[in-house]
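S.K.: Sharing data-v1.tsv here; it has TSV, C-alpha atoms.
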```tsv
chain	number	residue	atom	x	y	z
Z	27	MET	CA	33.52	57.32	112.72
Z	28	ASN	CA	36.28	59.77	111.87
Z	29	THR	CA	39.61	58.58	113.33
Z	30	ARG	CA	41.39	61.63	111.92
Z	31	GLN	CA	40.13	63.54	114.93
Z	32	PHE	CA	42.51	61.59	117.16
Z	33	GLN	CA	45.37	63.79	118.35
Z	34	TYR	CA	48.23	62.21	120.28
Z	35	ALA	CA	49.49	64.78	122.78
Z	36	LEU	CA	52.97	63.25	122.91
Z	37	ARG	CA	53.45	63.28	119.13
Z	38	PRO	CA	56.29	65.86	119.35
Z	39	VAL	CA	58.07	63.68	121.92
Z	40	HIS	CA	57.54	60.66	119.66
Z	41	THR	CA	58.99	62.52	116.67
Z	42	LEU	CA	62.02	63.75	118.62
Z	43	THR	CA	62.60	60.23	119.93
Z	44	GLU	CA	62.50	58.86	116.38
Z	45	TRP	CA	65.09	61.44	115.33
Z	46	ASP	CA	67.27	60.67	118.33
Z	47	LEU	CA	67.04	56.96	117.57
Z	48	ALA	CA	68.05	57.54	113.95
Z	49	GLU	CA	71.05	59.59	115.10
Z	50	LEU	CA	72.04	56.91	117.63
Z	51	ARG	CA	71.78	54.23	114.95
Z	52	GLN	CA	74.01	56.27	112.63
Z	53	ASN	CA	76.55	56.65	115.43
Z	54	LEU	CA	76.38	52.91	116.08
Z	55	ALA	CA	76.99	52.17	112.40
Z	56	GLU	CA	80.06	54.42	112.43
Z	57	LEU	CA	81.37	52.69	115.55
Z	58	VAL	CA	80.86	49.26	113.96
Z	59	VAL	CA	82.98	50.43	111.01
Z	60	LEU	CA	85.61	51.81	113.41
Z	61	GLU	CA	85.72	48.52	115.33
Z	62	SER	CA	86.13	46.60	112.07
Z	63	GLU	CA	88.99	48.87	110.98
Z	64	ARG	CA	90.70	48.43	114.33
Z	65	GLU	CA	90.32	44.65	114.10
Z	66	LYS	CA	92.06	44.78	110.72
Z	67	THR	CA	94.81	47.00	112.17
Z	68	LEU	CA	95.35	44.54	115.02
Z	69	ALA	CA	95.46	41.58	112.63
Z	70	ALA	CA	98.00	43.37	110.42
Z	71	ALA	CA	100.17	44.32	113.41
Z	72	ALA	CA	100.07	40.76	114.75
Z	73	GLN	CA	100.93	39.41	111.30
Z	74	ASP	CA	103.89	41.83	111.01
Z	75	TYR	CA	105.13	40.73	114.44
Z	76	HIS	CA	104.89	37.03	113.62
Z	77	ALA	CA	106.54	37.51	110.22
Z	78	ALA	CA	109.45	39.40	111.80
Z	79	GLU	CA	109.79	36.82	114.56
Z	80	SER	CA	109.86	34.01	111.98
Z	81	ALA	CA	112.46	35.88	109.92
Z	82	MET	CA	114.61	36.37	113.01
Z	83	ARG	CA	114.39	32.67	113.91
Z	84	ALA	CA	115.22	31.68	110.34
Z	85	GLY	CA	118.24	33.98	110.47
Z	86	HIS	CA	119.37	32.42	113.75
Z	87	ALA	CA	119.01	28.92	112.33
Z	88	ALA	CA	121.08	29.83	109.25
Z	89	ASN	CA	123.86	31.55	111.20
Z	90	ALA	CA	125.27	29.70	114.14
Z	91	LEU	CA	127.36	32.73	115.01
Z	92	VAL	CA	124.99	35.58	115.74
Z	93	ASP	CA	126.15	39.17	115.71
Z	94	PRO	CA	125.10	40.72	119.06
Z	95	ALA	CA	124.48	44.14	117.44
Z	96	ARG	CA	122.25	42.59	114.82
Z	97	GLN	CA	120.43	40.55	117.47
Z	98	ARG	CA	119.86	43.74	119.49
Z	99	GLN	CA	118.39	45.41	116.38
Z	100	TRP	CA	116.03	42.49	115.84
Z	101	HIS	CA	114.91	42.60	119.47
Z	102	GLN	CA	114.34	46.35	119.26
Z	103	TYR	CA	112.36	45.88	116.08
Z	104	LEU	CA	110.31	43.06	117.65
Z	105	GLY	CA	109.74	45.28	120.71
Z	106	HIS	CA	108.46	48.04	118.42
Z	107	LEU	CA	106.13	45.59	116.65
Z	108	ASP	CA	104.95	44.20	119.98
Z	109	ARG	CA	104.08	47.72	121.17
Z	110	SER	CA	102.17	48.20	117.91
Z	111	VAL	CA	100.20	45.04	118.63
Z	112	VAL	CA	99.48	46.16	122.20
Z	113	ASN	CA	98.41	49.63	121.02
Z	114	ALA	CA	96.18	48.11	118.34
Z	115	ARG	CA	94.61	45.79	120.92
Z	116	VAL	CA	93.94	48.72	123.29
Z	117	ALA	CA	92.43	50.73	120.42
Z	118	LEU	CA	90.22	47.76	119.49
Z	119	GLU	CA	89.06	47.32	123.08
Z	120	GLU	CA	88.17	51.04	123.23
Z	121	ALA	CA	86.26	50.82	119.94
Z	122	THR	CA	84.41	47.76	121.21
Z	123	ARG	CA	83.54	49.52	124.46
Z	124	LEU	CA	82.21	52.55	122.55
Z	125	LYS	CA	80.21	50.31	120.21
Z	126	GLU	CA	78.65	48.43	123.12
Z	127	ALA	CA	77.74	51.72	124.84
Z	128	ALA	CA	76.15	52.96	121.62
Z	129	LEU	CA	74.28	49.66	121.25
Z	130	ASN	CA	72.90	50.03	124.78
Z	131	ALA	CA	71.86	53.63	124.03
Z	132	VAL	CA	70.05	52.46	120.87
Z	133	ALA	CA	68.29	49.70	122.82
Z	134	GLU	CA	67.19	52.12	125.55
Z	135	LYS	CA	65.91	54.71	123.08
Z	136	HIS	CA	64.16	51.99	121.06
Z	137	ALA	CA	62.44	50.68	124.20
Z	138	PHE	CA	61.33	54.23	125.06
Z	139	LEU	CA	59.96	54.70	121.54
Z	140	LYS	CA	58.08	51.39	121.72
Z	141	GLY	CA	56.62	52.48	125.06
Z	142	LEU	CA	55.38	55.70	123.46
Z	143	GLU	CA	53.85	53.73	120.60
Z	144	THR	CA	52.12	51.36	123.01
Z	145	HIS	CA	50.79	54.36	124.94
Z	146	ARG	CA	49.58	55.99	121.72
Z	147	ASP	CA	47.87	52.78	120.60
Z	148	SER	CA	46.09	52.34	123.93
Z	149	LEU	CA	44.87	55.95	123.81
Z	150	PHE	CA	43.68	55.39	120.24
Z	151	GLU	CA	41.70	52.34	121.38
Z	152	ILE	CA	40.06	54.41	124.13
Z	153	PHE	CA	39.31	57.16	121.60
Z	154	THR	CA	37.77	54.64	119.21
Z	155	ARG	CA	35.58	53.13	121.93
Z	156	GLU	CA	34.41	56.58	122.98
Z	157	MET	CA	33.62	57.51	119.37
Z	158	HIS	CA	31.62	54.29	118.94
Z	159	ALA	CA	29.76	55.00	122.17
Z	160	ARG	CA	28.96	58.56	121.04
Z	161	GLU	CA	27.76	57.35	117.66
Z	162	ALA	CA	25.61	54.67	119.29
Z	163	LYS	CA	24.15	57.23	121.69
Z	164	ALA	CA	23.46	59.65	118.79
Z	165	MET	CA	21.77	56.86	116.84
Z	166	ASP	CA	19.68	55.92	119.87
Z	167	GLU	CA	18.64	59.54	120.38
Z	168	ALA	CA	17.80	59.89	116.68
Z	169	TRP	CA	15.73	56.70	116.80
Z	170	LEU	CA	13.92	57.85	119.96
Z	171	GLN	CA	13.24	61.25	118.41
Z	172	SER	CA	11.91	59.71	115.18
Z	173	ALA	CA	9.78	57.30	117.22
Z	174	ALA	CA	8.43	60.20	119.29
Z	175	GLU	CA	7.71	62.16	116.10
Z	176	LYS	CA	5.89	59.16	114.59
Z	177	LYS	CA	3.87	58.81	117.77
Z	178	ALA	CA	3.04	62.51	117.79
Z	179	SER	CA	1.81	62.41	114.19
```
Before anything else, please render the file you have as structure tokens.

M.R.:
Amino acid sequence: MNTRQFQYALRPVHTLTEWDLAELRQNLAELVVLESEREKTLAAAAQDYHAAESAMRAGHAANALVDPARQRQWHQYLGHLDRSVVNARVALEEATRLKEAALNAVAEKHAFLKGLETHRDSLFEIFTREMHAREAKAMDEAWLQSAAEKKAS
């Protein structure tokens, strides 16, 4: 039996799907890196905020008489750091949303590819059974012909 004769009609679709899946996986990898970078940015912004807040509290504890202008500057600075934390959190949430969407796209494309492979495998099984049946029929015909020739001689 020669299985090289099997031709899967959807092979071009299968190949394109493999390429699409590879591209989606690359995109997912980039988004995982982006999410990681944004997590680090958020952690750094939160650390800066907490360090400034601790410094301000330490300054208040050391000086019973607080300069209102200096206190206003600290509050403005803490407000700026707080906005940085909020912006970093929003950026992280967006990166996470994009990563999850990419993960879903990879899962869908992978499921489609597995469906194509299952379809191909079932068609190959049918092809193999048909080839075995043809070979068996050819062998039967050859045996009958040789038996008829033996009888005729």

S.K.: With all atoms listed in the file as the counted atoms, please give the residues lying no more than 7 Å from Z:Ala121, apart from itself and same-chain residues fewer than 5 positions off, as a list in words.

M.R.: Leu57, Leu60 and Glu61 of chain Z

S.K.: Output the selection as an mmCIF file, in the frame of the given file - C-alpha atoms for each residue.

M.R.:
```cif
data_model
loop_
_atom_site.group_PDB
_atom_site.id
_atom_site.type_symbol
_atom_site.label_atom_id
_atom_site.label_comp_id
_atom_site.auth_asym_id
_atom_site.auth_seq_id
_atom_site.Cartn_x
_atom_site.Cartn_y
_atom_site.Cartn_z
ATOM 1 C CA LEU Z 57 81.370 52.690 115.550
ATOM 2 C CA LEU Z 60 85.610 51.810 113.410
ATOM 3 C CA GLU Z 61 85.720 48.520 115.330
#
```

S.K.: Write out as a list in words each polymer residue whose atoms come within 7 Å of stretch 34-42 of chain Z, counting all atoms listed in the file; drop sequence neighbours fewer than 4 positions from it.

M.R.: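 Near neighbours after the sequence-gap exclusion: Asp46, Leu139, Leu142 and Arg146 of chain Z.
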
S.K.: Within 12 Å of (93.9, 42.1, 116.2) (coordinates as in the file), grab all the protein and nucleic acid residues, counting all atoms listed in the file, and write them out as a PyMOL selection string.

M.R.: chain Z and resi 61-75+108+110-119

S.K.: Atom CA of Z:Val59 to atom CA of Z:Glu134: how many Å, to one decimal?

M.R.: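 Value for the atom CA of Z:Val59-atom CA of Z:Glu134 distance: 21.5 Å.
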
S.K.: One decimal, Å: what's the distance from atom CA of Z:Ala133 over to atom CA of Z:Leu47, could you say?

M.R.: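 Pair atom CA of Z:Ala133 / atom CA of Z:Leu47 returns 9.0 Å.
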
S.K.: Excluding Z:Leu129 and any residue of its chain fewer than 4 positions from it, enumerate the residues within 12 Å of it, using only C-alpha atoms, and give them as a PyMOL selection string.

M.R.: chain Z and resi 47+50-58+122-125+133-136

S.K.: Could you please take those selected residues and save C-alpha atoms as a PDB file, in the coordinates of the input?

M.R.:
```
ATOM      1  CA  LEU Z  47      67.040  56.960 117.570  1.00  0.00           C
ATOM      2  CA  LEU Z  50      72.040  56.910 117.630  1.00  0.00           C
ATOM      3  CA  ARG Z  51      71.780  54.230 114.950  1.00  0.00           C
ATOM      4  CA  GLN Z  52      74.010  56.270 112.630  1.00  0.00           C
ATOM      5  CA  ASN Z  53      76.550  56.650 115.430  1.00  0.00           C
ATOM      6  CA  LEU Z  54      76.380  52.910 116.080  1.00  0.00           C
ATOM      7  CA  ALA Z  55      76.990  52.170 112.400  1.00  0.00           C
ATOM      8  CA  GLU Z  56      80.060  54.420 112.430  1.00  0.00           C
ATOM      9  CA  LEU Z  57      81.370  52.690 115.550  1.00  0.00           C
ATOM     10  CA  VAL Z  58      80.860  49.260 113.960  1.00  0.00           C
ATOM     11  CA  THR Z 122      84.410  47.760 121.210  1.00  0.00           C
ATOM     12  CA  ARG Z 123      83.540  49.520 124.460  1.00  0.00           C
ATOM     13  CA  LEU Z 124      82.210  52.550 122.550  1.00  0.00           C
ATOM     14  CA  LYS Z 125      80.210  50.310 120.210  1.00  0.00           C
ATOM     15  CA  ALA Z 133      68.290  49.700 122.820  1.00  0.00           C
ATOM     16  CA  GLU Z 134      67.190  52.120 125.550  1.00  0.00           C
ATOM     17  CA  LYS Z 135      65.910  54.710 123.080  1.00  0.00           C
ATOM     18  CA  HIS Z 136      64.160  51.990 121.060  1.00  0.00           C
TER      19      HIS Z 136
END
```
